[in-house]
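Student: Structure file input_17.pdb, PDB, C-alpha atoms and all ligand atoms, is pasted below:
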```pdb
MODEL        1
ATOM      1  CA  MET A  14      38.168  19.118 -50.282
ATOM      2  CA  ASN A  15      35.013  19.339 -48.172
ATOM      3  CA  VAL A  16      32.267  17.733 -50.221
ATOM      4  CA  GLY A  17      29.512  17.581 -47.626
ATOM      5  CA  ILE A  18      29.048  13.810 -47.910
ATOM      6  CA  THR A  19      30.493  10.902 -46.025
ATOM      7  CA  THR A  20      32.625   8.473 -47.950
ATOM      8  CA  SER A  21      33.714   6.374 -44.979
ATOM      9  CA  ALA A  22      31.676   3.386 -46.183
ATOM     10  CA  VAL A  23      33.230   3.415 -49.656
ATOM     11  CA  ARG A  24      35.257   0.284 -50.426
ATOM     12  CA  THR A  25      35.853   0.854 -54.114
ATOM     13  CA  PRO A  26      39.335   2.296 -54.588
ATOM     14  CA  ALA A  27      39.440   5.529 -56.552
ATOM     15  CA  ILE A  28      42.648   7.207 -57.709
ATOM     16  CA  PRO A  29      42.329  11.015 -57.847
ATOM     17  CA  LEU A  30      43.377  12.299 -61.283
ATOM     18  CA  THR A  31      44.149  15.910 -60.323
ATOM     19  CA  GLY A  32      43.998  18.012 -57.179
ATOM     20  CA  ALA A  33      40.789  19.613 -58.432
ATOM     21  CA  ILE A  34      38.540  17.130 -60.222
ATOM     22  CA  GLY A  35      38.251  13.543 -61.424
ATOM     23  CA  ALA A  36      39.094  10.050 -60.193
ATOM     24  CA  LYS A  37      39.917   6.801 -61.939
ATOM     25  CA  ILE A  38      38.335   3.520 -60.855
ATOM     26  CA  GLU A  39      39.729   0.179 -61.938
ATOM     27  CA  GLY A  40      38.642  -3.360 -61.189
ATOM     28  CA  VAL A  41      34.883  -2.873 -61.498
ATOM     29  CA  ASP A  42      32.619  -4.112 -64.276
ATOM     30  CA  LEU A  43      29.937  -1.503 -64.912
ATOM     31  CA  ALA A  44      27.773  -4.071 -66.705
ATOM     32  CA  SER A  45      27.434  -6.280 -63.612
ATOM     33  CA  LEU A  46      27.812  -4.020 -60.596
ATOM     34  CA  ASP A  47      26.287  -5.162 -57.301
ATOM     35  CA  ASP A  48      24.200  -2.711 -55.272
ATOM     36  CA  ALA A  49      26.897  -2.046 -52.648
ATOM     37  CA  SER A  50      29.466  -1.175 -55.338
ATOM     38  CA  PHE A  51      26.912   1.022 -57.059
ATOM     39  CA  ARG A  52      26.362   2.929 -53.791
ATOM     40  CA  ASP A  53      30.144   3.403 -53.569
ATOM     41  CA  LEU A  54      30.205   4.790 -57.089
ATOM     42  CA  LYS A  55      27.478   7.264 -56.222
ATOM     43  CA  SER A  56      29.520   8.648 -53.308
ATOM     44  CA  LEU A  57      32.676   8.825 -55.414
ATOM     45  CA  PHE A  58      30.769  10.493 -58.219
ATOM     46  CA  LEU A  59      29.542  13.230 -55.872
ATOM     47  CA  GLN A  60      33.017  13.654 -54.429
ATOM     48  CA  TYR A  61      35.081  13.735 -57.627
ATOM     49  CA  CYS A  62      32.510  15.031 -60.184
ATOM     50  CA  VAL A  63      34.131  13.006 -62.998
ATOM     51  CA  LEU A  64      34.779   9.245 -62.842
ATOM     52  CA  VAL A  65      36.940   7.408 -65.371
ATOM     53  CA  PHE A  66      36.538   3.635 -65.861
ATOM     54  CA  PRO A  67      39.222   2.191 -68.140
ATOM     55  CA  GLY A  68      38.688  -0.920 -70.249
ATOM     56  CA  GLN A  69      34.901  -1.318 -69.912
ATOM     57  CA  TYR A  70      33.954  -1.783 -73.589
ATOM     58  CA  LEU A  71      30.342  -1.083 -72.618
ATOM     59  CA  GLU A  72      27.903  -2.143 -75.352
ATOM     60  CA  PRO A  73      24.894   0.131 -76.109
ATOM     61  CA  ARG A  74      22.402  -2.057 -74.241
ATOM     62  CA  ALA A  75      24.690  -2.334 -71.202
ATOM     63  CA  GLN A  76      25.360   1.409 -71.270
ATOM     64  CA  LEU A  77      21.616   2.142 -71.245
ATOM     65  CA  SER A  78      21.019  -0.377 -68.418
ATOM     66  CA  PHE A  79      23.844   1.106 -66.359
ATOM     67  CA  ALA A  80      22.501   4.617 -67.048
ATOM     68  CA  ALA A  81      19.006   3.632 -65.884
ATOM     69  CA  ARG A  82      20.417   2.840 -62.419
ATOM     70  CA  TRP A  83      21.169   6.559 -61.983
ATOM     71  CA  GLY A  84      17.773   7.881 -63.031
ATOM     72  CA  ASP A  85      15.578   8.465 -66.059
ATOM     73  CA  VAL A  86      17.422   8.575 -69.371
ATOM     74  CA  SER A  87      16.795  11.912 -71.085
ATOM     75  CA  ILE A  88      15.572  12.469 -74.618
ATOM     76  CA  THR A  89      16.803  15.903 -75.724
ATOM     77  CA  PRO A  90      15.073  17.838 -78.512
ATOM     78  CA  MET A  91      17.043  18.471 -81.732
ATOM     79  CA  VAL A  92      19.228  15.343 -81.552
ATOM     80  CA  THR A  93      18.761  11.973 -83.273
ATOM     81  CA  TYR A  94      19.306   8.816 -81.239
ATOM     82  CA  ALA A  95      20.645   5.458 -82.379
ATOM     83  CA  ASP A  96      18.068   3.196 -84.055
ATOM     84  CA  GLY A  97      16.684   0.772 -81.504
ATOM     85  CA  PHE A  98      18.415   2.493 -78.574
ATOM     86  CA  PRO A  99      16.354   5.512 -77.487
ATOM     87  CA  GLY A 100      18.507   7.846 -75.407
ATOM     88  CA  LEU A 101      21.799   6.594 -76.878
ATOM     89  CA  LEU A 102      23.455   9.325 -78.937
ATOM     90  CA  GLN A 103      26.307   8.323 -81.237
ATOM     91  CA  LEU A 104      28.920  11.081 -81.286
ATOM     92  CA  THR A 105      30.826  11.193 -84.549
ATOM     93  CA  ASN A 106      33.390  13.469 -86.145
ATOM     94  CA  ARG A 107      31.274  16.248 -87.691
ATOM     95  CA  GLY A 108      34.363  18.266 -88.580
ATOM     96  CA  LYS A 109      35.889  21.024 -86.522
ATOM     97  CA  GLU A 110      33.559  23.702 -87.960
ATOM     98  CA  ASN A 111      30.425  21.748 -87.119
ATOM     99  CA  THR A 112      31.156  20.408 -83.686
ATOM    100  CA  PRO A 113      28.913  21.908 -81.003
ATOM    101  CA  THR A 114      31.135  20.668 -78.179
ATOM    102  CA  GLU A 115      34.517  22.348 -78.707
ATOM    103  CA  ASN A 116      33.852  24.949 -76.033
ATOM    104  CA  TRP A 117      33.336  24.886 -72.279
ATOM    105  CA  HIS A 118      29.746  23.883 -71.565
ATOM    106  CA  SER A 119      27.508  21.747 -69.473
ATOM    107  CA  ASP A 120      24.971  19.707 -71.369
ATOM    108  CA  SER A 121      21.576  20.938 -72.588
ATOM    109  CA  THR A 122      21.386  23.924 -70.255
ATOM    110  CA  PHE A 123      18.557  25.328 -72.409
ATOM    111  CA  LEU A 124      16.217  22.707 -70.900
ATOM    112  CA  GLU A 125      14.094  23.477 -67.814
ATOM    113  CA  ARG A 126      15.684  20.369 -66.316
ATOM    114  CA  PRO A 127      19.165  19.918 -67.791
ATOM    115  CA  PRO A 128      20.779  16.501 -67.398
ATOM    116  CA  ALA A 129      22.204  15.644 -63.979
ATOM    117  CA  MET A 130      24.886  13.510 -65.547
ATOM    118  CA  THR A 131      26.341  12.266 -68.808
ATOM    119  CA  ILE A 132      27.869   8.856 -69.503
ATOM    120  CA  LEU A 133      30.278   8.532 -72.436
ATOM    121  CA  ALA A 134      31.642   5.249 -73.734
ATOM    122  CA  ALA A 135      34.545   5.244 -76.200
ATOM    123  CA  ARG A 136      33.992   3.195 -79.375
ATOM    124  CA  THR A 137      36.428   4.325 -82.088
ATOM    125  CA  LEU A 138      39.247   6.720 -81.241
ATOM    126  CA  PRO A 139      41.546   8.730 -83.496
ATOM    127  CA  PRO A 140      45.228   7.675 -83.503
ATOM    128  CA  MET A 141      45.964  10.749 -81.415
ATOM    129  CA  GLY A 142      44.099  13.665 -79.907
ATOM    130  CA  GLY A 143      40.363  13.996 -79.294
ATOM    131  CA  ASP A 144      40.806  14.551 -75.568
ATOM    132  CA  THR A 145      37.978  15.800 -73.367
ATOM    133  CA  MET A 146      38.504  18.273 -70.505
ATOM    134  CA  TRP A 147      36.365  18.982 -67.454
ATOM    135  CA  CYS A 148      36.472  21.894 -65.010
ATOM    136  CA  ASN A 149      35.177  22.097 -61.460
ATOM    137  CA  GLN A 150      32.371  24.635 -61.031
ATOM    138  CA  TYR A 151      32.340  24.275 -57.227
ATOM    139  CA  LEU A 152      35.902  25.595 -57.253
ATOM    140  CA  ALA A 153      34.953  28.327 -59.722
ATOM    141  CA  TYR A 154      32.291  29.525 -57.288
ATOM    142  CA  GLU A 155      34.464  29.174 -54.192
ATOM    143  CA  ARG A 156      37.247  31.232 -55.793
ATOM    144  CA  LEU A 157      35.027  34.261 -56.301
ATOM    145  CA  SER A 158      35.350  37.141 -53.861
ATOM    146  CA  ALA A 159      32.764  37.506 -51.097
ATOM    147  CA  GLY A 160      31.478  40.629 -52.832
ATOM    148  CA  MET A 161      30.978  38.866 -56.158
ATOM    149  CA  LYS A 162      29.282  35.907 -54.452
ATOM    150  CA  ASP A 163      26.858  38.312 -52.759
ATOM    151  CA  MET A 164      26.189  40.153 -55.994
ATOM    152  CA  LEU A 165      25.388  36.951 -57.907
ATOM    153  CA  GLU A 166      23.005  35.624 -55.260
ATOM    154  CA  GLY A 167      19.557  35.140 -56.845
ATOM    155  CA  VAL A 168      20.730  36.326 -60.298
ATOM    156  CA  ARG A 169      19.491  34.270 -63.259
ATOM    157  CA  ALA A 170      20.738  34.018 -66.823
ATOM    158  CA  ARG A 171      19.143  33.067 -70.124
ATOM    159  CA  PHE A 172      20.386  29.753 -71.556
ATOM    160  CA  CYS A 173      19.467  29.073 -75.166
ATOM    161  CA  GLY A 174      19.883  26.161 -77.580
ATOM    162  CA  ALA A 175      20.877  28.283 -80.611
ATOM    163  CA  ARG A 176      24.320  26.788 -80.984
ATOM    164  CA  LEU A 177      23.109  23.182 -80.967
ATOM    165  CA  ALA A 178      20.185  24.103 -83.257
ATOM    166  CA  ARG A 179      22.536  25.627 -85.802
ATOM    167  CA  VAL A 180      24.827  22.619 -85.884
ATOM    168  CA  HIS A 181      21.898  20.194 -86.219
ATOM    169  CA  GLY A 182      20.123  22.344 -88.857
ATOM    170  CA  HIS A 183      17.127  22.829 -86.538
ATOM    171  CA  THR A 184      15.207  25.978 -87.497
ATOM    172  CA  SER A 185      11.876  25.851 -85.629
ATOM    173  CA  ALA A 186      11.391  27.056 -82.043
ATOM    174  CA  ILE A 187      14.734  27.115 -80.275
ATOM    175  CA  PRO A 188      14.415  26.041 -76.638
ATOM    176  CA  GLU A 189      15.566  28.355 -73.862
ATOM    177  CA  ALA A 190      15.387  28.514 -70.082
ATOM    178  CA  TYR A 191      16.347  30.849 -67.252
ATOM    179  CA  HIS A 192      18.545  29.410 -64.503
ATOM    180  CA  PRO A 193      20.412  30.769 -61.473
ATOM    181  CA  VAL A 194      24.091  31.476 -62.195
ATOM    182  CA  VAL A 195      24.906  30.130 -58.755
ATOM    183  CA  ARG A 196      23.160  26.816 -58.232
ATOM    184  CA  THR A 197      23.068  24.567 -55.208
ATOM    185  CA  HIS A 198      23.773  20.941 -55.999
ATOM    186  CA  PRO A 199      20.701  18.965 -54.892
ATOM    187  CA  GLU A 200      22.775  16.120 -53.414
ATOM    188  CA  THR A 201      25.975  17.684 -52.030
ATOM    189  CA  HIS A 202      24.280  21.018 -51.188
ATOM    190  CA  ARG A 203      27.423  22.824 -52.348
ATOM    191  CA  LYS A 204      27.167  25.922 -54.516
ATOM    192  CA  ALA A 205      28.483  25.835 -58.079
ATOM    193  CA  LEU A 206      28.895  28.516 -60.734
ATOM    194  CA  PHE A 207      26.510  27.872 -63.642
ATOM    195  CA  VAL A 208      27.432  29.735 -66.838
ATOM    196  CA  GLY A 209      28.264  28.782 -70.431
ATOM    197  CA  HIS A 210      29.475  29.759 -73.877
ATOM    198  CA  PRO A 211      28.287  33.275 -74.905
ATOM    199  CA  GLU A 212      26.004  31.798 -77.550
ATOM    200  CA  THR A 213      24.377  29.551 -74.951
ATOM    201  CA  CYS A 214      24.432  31.624 -71.758
ATOM    202  CA  THR A 215      23.576  34.910 -73.436
ATOM    203  CA  ASN A 216      22.580  37.485 -70.811
ATOM    204  CA  PHE A 217      21.400  38.036 -67.270
ATOM    205  CA  GLU A 218      17.663  38.106 -66.750
ATOM    206  CA  ASN A 219      16.224  41.613 -67.188
ATOM    207  CA  MET A 220      19.513  42.918 -68.547
ATOM    208  CA  THR A 221      20.693  43.492 -72.108
ATOM    209  CA  VAL A 222      23.357  41.355 -73.749
ATOM    210  CA  ALA A 223      25.706  44.370 -73.801
ATOM    211  CA  GLU A 224      25.182  44.944 -70.089
ATOM    212  CA  SER A 225      25.638  41.279 -69.237
ATOM    213  CA  ARG A 226      28.600  40.265 -71.379
ATOM    214  CA  PRO A 227      31.535  41.690 -69.424
ATOM    215  CA  LEU A 228      30.595  39.879 -66.226
ATOM    216  CA  LEU A 229      29.380  36.687 -67.945
ATOM    217  CA  ASP A 230      32.602  36.585 -69.968
ATOM    218  CA  PHE A 231      34.637  36.995 -66.805
ATOM    219  CA  LEU A 232      32.727  34.195 -65.036
ATOM    220  CA  TYR A 233      33.125  31.907 -68.057
ATOM    221  CA  GLN A 234      36.876  32.455 -68.321
ATOM    222  CA  HIS A 235      37.332  32.287 -64.565
ATOM    223  CA  SER A 236      35.753  28.794 -64.597
ATOM    224  CA  ALA A 237      38.283  27.078 -66.837
ATOM    225  CA  ARG A 238      41.560  27.896 -65.145
ATOM    226  CA  PRO A 239      44.238  25.243 -65.737
ATOM    227  CA  ASP A 240      44.385  24.316 -62.045
ATOM    228  CA  ALA A 241      40.677  23.420 -62.029
ATOM    229  CA  ILE A 242      40.810  20.998 -64.954
ATOM    230  CA  TYR A 243      41.185  17.322 -65.732
ATOM    231  CA  ARG A 244      42.099  16.437 -69.339
ATOM    232  CA  HIS A 245      41.273  12.890 -70.400
ATOM    233  CA  MET A 246      43.217  11.127 -73.146
ATOM    234  CA  TRP A 247      40.763   8.464 -74.262
ATOM    235  CA  ARG A 248      41.818   4.808 -74.441
ATOM    236  CA  PRO A 249      39.789   2.052 -76.148
ATOM    237  CA  GLY A 250      36.980   0.839 -73.886
ATOM    238  CA  ASP A 251      37.016   3.855 -71.542
ATOM    239  CA  VAL A 252      33.792   4.962 -69.915
ATOM    240  CA  VAL A 253      33.584   8.382 -68.266
ATOM    241  CA  LEU A 254      30.709   9.707 -66.136
ATOM    242  CA  TRP A 255      30.404  13.334 -65.168
ATOM    243  CA  ASP A 256      28.198  15.431 -62.965
ATOM    244  CA  ASN A 257      26.659  18.060 -65.206
ATOM    245  CA  ARG A 258      25.489  20.099 -62.174
ATOM    246  CA  CYS A 259      28.957  21.112 -60.978
ATOM    247  CA  THR A 260      31.264  20.823 -64.023
ATOM    248  CA  MET A 261      31.705  22.063 -67.560
ATOM    249  CA  HIS A 262      33.528  20.126 -70.258
ATOM    250  CA  TYR A 263      35.288  20.786 -73.568
ATOM    251  CA  ALA A 264      35.845  18.327 -76.425
ATOM    252  CA  VAL A 265      39.161  19.155 -78.113
ATOM    253  CA  HIS A 266      38.926  18.773 -81.910
ATOM    254  CA  ASP A 267      42.528  18.265 -83.028
ATOM    255  CA  TYR A 268      42.086  15.040 -85.036
ATOM    256  CA  GLY A 269      41.148  16.365 -88.493
ATOM    257  CA  SER A 270      39.002  13.890 -90.403
ATOM    258  CA  GLU A 271      39.982  10.817 -88.348
ATOM    259  CA  ALA A 272      37.079   8.734 -87.019
ATOM    260  CA  ARG A 273      36.083   9.356 -83.396
ATOM    261  CA  ASN A 274      32.931   7.647 -82.101
ATOM    262  CA  LEU A 275      31.650   7.692 -78.559
ATOM    263  CA  ASN A 276      28.231   6.660 -77.275
ATOM    264  CA  ARG A 277      26.528   9.100 -74.948
ATOM    265  CA  VAL A 278      23.612   8.789 -72.540
ATOM    266  CA  THR A 279      22.313  11.542 -70.240
ATOM    267  CA  ILE A 280      20.163  11.330 -67.114
ATOM    268  CA  ILE A 281      17.415  13.862 -66.410
ATOM    269  CA  GLY A 282      18.276  16.276 -63.615
ATOM    270  CA  ASP A 283      16.347  18.605 -61.317
ATOM    271  CA  ARG A 284      15.444  22.145 -62.154
ATOM    272  CA  PRO A 285      18.589  24.132 -61.174
ATOM    273  CA  ALA A 286      17.997  26.042 -57.918
TER     274      ALA A 286
HETATM  275  O1  LIG A 301      33.126  14.338 -77.563
HETATM  276  C1  LIG A 301      33.375  14.499 -76.370
HETATM  277  O2  LIG A 301      34.425  14.178 -75.850
HETATM  278  C2  LIG A 301      32.340  15.108 -75.470
HETATM  279  C3  LIG A 301      31.249  15.722 -76.245
HETATM  280  C4  LIG A 301      30.248  16.409 -75.369
HETATM  281  O3  LIG A 301      30.331  17.553 -75.083
HETATM  282  C5  LIG A 301      29.149  15.625 -74.824
HETATM  283  O4  LIG A 301      29.065  14.435 -75.095
HETATM  284  O5  LIG A 301      28.326  16.196 -74.109
HETATM  285 FE    FE A 302      28.725  18.149 -73.790
ENDMDL
END
```
Let me see whether you can do it: turn the structure in this file into structure tokens.

Tutor:
Amino acid sequence: MNVGITTSAVRTPAIPLTGAIGAKIEGVDLASLDDASFRDLKSLFLQYCVLVFPGQYLEPRAQLSFAARWGDVSITPMVTYADGFPGLLQLTNRGKENTPTENWHSDSTFLERPPAMTILAARTLPPMGGDTMWCNQYLAYERLSAGMKDMLEGVRARFCGARLARVHGHTSAIPEAYHPVVRTHPETHRKALFVGHPETCTNFENMTVAESRPLLDFLYQHSARPDAIYRHMWRPGDVVLWDNRCTMHYAVHDYGSEARNLNRVTIIGDRPA
């Protein structure tokens, strides 16, 4: 895969997890990473879009310190952070009906500057299930026909926070933003398809919902083809980082009322362009 970056200086071994997305990295301690190893991780992150670090058992303070090495930790409207740990969101089992994440999405796309990345650390896992999947939005773009790529050039869509607002019982002004449906990653300079769930990515700019839906629905379904996906079965202590600018993800809720707790931190990104 041509990723437009050089990885020749990388010394940290990464094991690709699929032919499309994701790599696993063992033998590093995210809580005490030297600068050279951190530079390696940055290259691998841009190359693989999703990095899996087994057995880290990252505590909240260490997770926030590690996150701060990537950029500014974001504070998203409508969510409540852990006491004493601003920016650290504790994901819990809200029940299948109330989960905002059991659909393909990238995070907080209704913001003018959605997060560049998300860092999840497993705390309590159900006895089975609760996997998370990611898909590769570079591939989704590259697999479009030349005609479709041309047609989408410069087209923007409305992204709105209605789904998250509903789940969190937030009734005042619901944030929204317009973003290009084909965005250029600010670091790899590759183009990625940027769409979302129909309730989040509602319509093309200056077009009605009815006019927009057929093509937006196609682009959404086209993104999550099985050969563009990595599905992670969480193990205790796992930490996973993903690039929110070139992936979507989907949290599978198949664990009933079992406890599932993960700690989540996001890093502020650029305005999609
Ligand atoms: O619970 C998960 O596995 C992921 C949830 C999610 O979508 C997120 O943290 O952004
Ligand atoms: Fe998410």

Student: Could you pull out the residues sitting within 10 Å of ligand LIG 301 (chain A), using all atoms listed in the file, and write them as an mmCIF file with C-alpha atoms, in the frame of the given file?

Tutor:
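Saved the output as part_8.cif:
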```cif
data_model
loop_
_atom_site.group_PDB
_atom_site.id
_atom_site.type_symbol
_atom_site.label_atom_id
_atom_site.label_comp_id
_atom_site.auth_asym_id
_atom_site.auth_seq_id
_atom_site.Cartn_x
_atom_site.Cartn_y
_atom_site.Cartn_z
ATOM 1 C CA LEU A 102 23.455 9.325 -78.937
ATOM 2 C CA GLN A 103 26.307 8.323 -81.237
ATOM 3 C CA LEU A 104 28.920 11.081 -81.286
ATOM 4 C CA THR A 105 30.826 11.193 -84.549
ATOM 5 C CA ASN A 106 33.390 13.469 -86.145
ATOM 6 C CA THR A 112 31.156 20.408 -83.686
ATOM 7 C CA PRO A 113 28.913 21.908 -81.003
ATOM 8 C CA THR A 114 31.135 20.668 -78.179
ATOM 9 C CA GLU A 115 34.517 22.348 -78.707
ATOM 10 C CA ASN A 116 33.852 24.949 -76.033
ATOM 11 C CA TRP A 117 33.336 24.886 -72.279
ATOM 12 C CA HIS A 118 29.746 23.883 -71.565
ATOM 13 C CA SER A 119 27.508 21.747 -69.473
ATOM 14 C CA ASP A 120 24.971 19.707 -71.369
ATOM 15 C CA SER A 121 21.576 20.938 -72.588
ATOM 16 C CA MET A 130 24.886 13.510 -65.547
ATOM 17 C CA THR A 131 26.341 12.266 -68.808
ATOM 18 C CA ILE A 132 27.869 8.856 -69.503
ATOM 19 C CA LEU A 133 30.278 8.532 -72.436
ATOM 20 C CA ALA A 134 31.642 5.249 -73.734
ATOM 21 C CA ALA A 135 34.545 5.244 -76.200
ATOM 22 C CA GLY A 143 40.363 13.996 -79.294
ATOM 23 C CA ASP A 144 40.806 14.551 -75.568
ATOM 24 C CA THR A 145 37.978 15.800 -73.367
ATOM 25 C CA MET A 146 38.504 18.273 -70.505
ATOM 26 C CA TRP A 147 36.365 18.982 -67.454
ATOM 27 C CA HIS A 245 41.273 12.890 -70.400
ATOM 28 C CA MET A 246 43.217 11.127 -73.146
ATOM 29 C CA TRP A 247 40.763 8.464 -74.262
ATOM 30 C CA VAL A 253 33.584 8.382 -68.266
ATOM 31 C CA TRP A 255 30.404 13.334 -65.168
ATOM 32 C CA ASN A 257 26.659 18.060 -65.206
ATOM 33 C CA MET A 261 31.705 22.063 -67.560
ATOM 34 C CA HIS A 262 33.528 20.126 -70.258
ATOM 35 C CA TYR A 263 35.288 20.786 -73.568
ATOM 36 C CA ALA A 264 35.845 18.327 -76.425
ATOM 37 C CA VAL A 265 39.161 19.155 -78.113
ATOM 38 C CA HIS A 266 38.926 18.773 -81.910
ATOM 39 C CA ARG A 273 36.083 9.356 -83.396
ATOM 40 C CA ASN A 274 32.931 7.647 -82.101
ATOM 41 C CA LEU A 275 31.650 7.692 -78.559
ATOM 42 C CA ASN A 276 28.231 6.660 -77.275
ATOM 43 C CA ARG A 277 26.528 9.100 -74.948
ATOM 44 C CA VAL A 278 23.612 8.789 -72.540
ATOM 45 C CA THR A 279 22.313 11.542 -70.240
#
```

Student: Can you pull out the residues contacting range 228-232 of chain A? Cut-off 12 Å, using only C-alpha atoms, and skip same-chain residues under 3 positions away; I want them as a short mmCIF file (atom, residue, chain, number, x, y, z; two decimals) with C-alpha atoms, in the coordinates of the input.

Tutor:
```
data_model
loop_
_atom_site.label_atom_id
_atom_site.label_comp_id
_atom_site.auth_asym_id
_atom_site.auth_seq_id
_atom_site.Cartn_x
_atom_site.Cartn_y
_atom_site.Cartn_z
CA TRP A 117 33.34 24.89 -72.28
CA GLN A 150 32.37 24.64 -61.03
CA ALA A 153 34.95 28.33 -59.72
CA TYR A 154 32.29 29.52 -57.29
CA ARG A 156 37.25 31.23 -55.79
CA LEU A 157 35.03 34.26 -56.30
CA SER A 158 35.35 37.14 -53.86
CA MET A 161 30.98 38.87 -56.16
CA LYS A 162 29.28 35.91 -54.45
CA MET A 164 26.19 40.15 -55.99
CA LEU A 165 25.39 36.95 -57.91
CA VAL A 168 20.73 36.33 -60.30
CA ARG A 169 19.49 34.27 -63.26
CA ALA A 170 20.74 34.02 -66.82
CA ARG A 171 19.14 33.07 -70.12
CA PHE A 172 20.39 29.75 -71.56
CA VAL A 194 24.09 31.48 -62.20
CA VAL A 195 24.91 30.13 -58.76
CA ALA A 205 28.48 25.84 -58.08
CA LEU A 206 28.90 28.52 -60.73
CA PHE A 207 26.51 27.87 -63.64
CA VAL A 208 27.43 29.74 -66.84
CA GLY A 209 28.26 28.78 -70.43
CA HIS A 210 29.48 29.76 -73.88
CA PRO A 211 28.29 33.28 -74.90
CA GLU A 212 26.00 31.80 -77.55
CA THR A 213 24.38 29.55 -74.95
CA CYS A 214 24.43 31.62 -71.76
CA THR A 215 23.58 34.91 -73.44
CA ASN A 216 22.58 37.48 -70.81
CA PHE A 217 21.40 38.04 -67.27
CA GLU A 218 17.66 38.11 -66.75
CA MET A 220 19.51 42.92 -68.55
CA THR A 221 20.69 43.49 -72.11
CA VAL A 222 23.36 41.36 -73.75
CA ALA A 223 25.71 44.37 -73.80
CA GLU A 224 25.18 44.94 -70.09
CA SER A 225 25.64 41.28 -69.24
CA HIS A 235 37.33 32.29 -64.56
CA SER A 236 35.75 28.79 -64.60
CA ALA A 237 38.28 27.08 -66.84
CA ARG A 238 41.56 27.90 -65.14
#
```

Student: Tell me, in Å to one decimal, how far CA of Gly182 in chain A is from CA of Val86 in chain A.

Tutor: 24.0 Å

Student: Evaluated on this file, the PyMOL selection byres (((chain A and resi 190) around 9) and not hetatm) picks out some residues - which ones are they, written as number ranges by chain?

Tutor: A: 122-126, 170-173, 188-189, 191-192

Student: I want to know what sits within 7 Å of range 61-77 of chain A, based on only C-alpha atoms, with residues of the same chain fewer than 4 positions away left out; could you give that as a list in words?

Tutor: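 The contact residues come out as Ile34, Gly35, Ala36, Lys37, Ile38, Glu39, Asp42, Ala44, Leu57, Ala81, Ala134, Pro249, Gly250, Asp251, Val252, Val253, Leu254, Trp255 and Asp256 of chain A.
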
Student: For Asn111 in chain A, which of A:Arg176, A:Thr137, A:Asp163, A:Gly84 is the closest residue, counting all atoms listed in the file?

Tutor: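 Nearest to Asn111 in chain A: A:Arg176.
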
Student: CA of Thr25 in chain A and CA of Asp53 in chain A, how far apart in Å?

Tutor: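 Atom-to-atom, CA of Asp53 in chain A to CA of Thr25 in chain A, that is 6.3 Å.
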
Student: Mind giving me the straight-line distance from CA of Glu155 in chain A to CA of Arg244 in chain A in Å, one decimal?

Tutor: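 Those two atoms sit 21.2 Å apart.
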
Student: Pick out the closest residue to ligand FE 302 (chain A) from this set: A:Leu177, A:Leu152, A:Ile88, A:Ala80. Count only C-alpha atoms and all ligand atoms.

Tutor: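 Smallest distance to ligand FE 302 (chain A) is found for A:Leu177.
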
Student: I'd like the residues picked by the PyMOL selection byres (((chain A and resi 50) around 12) and not hetatm) written out as a PyMOL selection string, using the chain letters and numbers from the file.

Tutor: chain A and resi 22-26+38+40-49+51-57
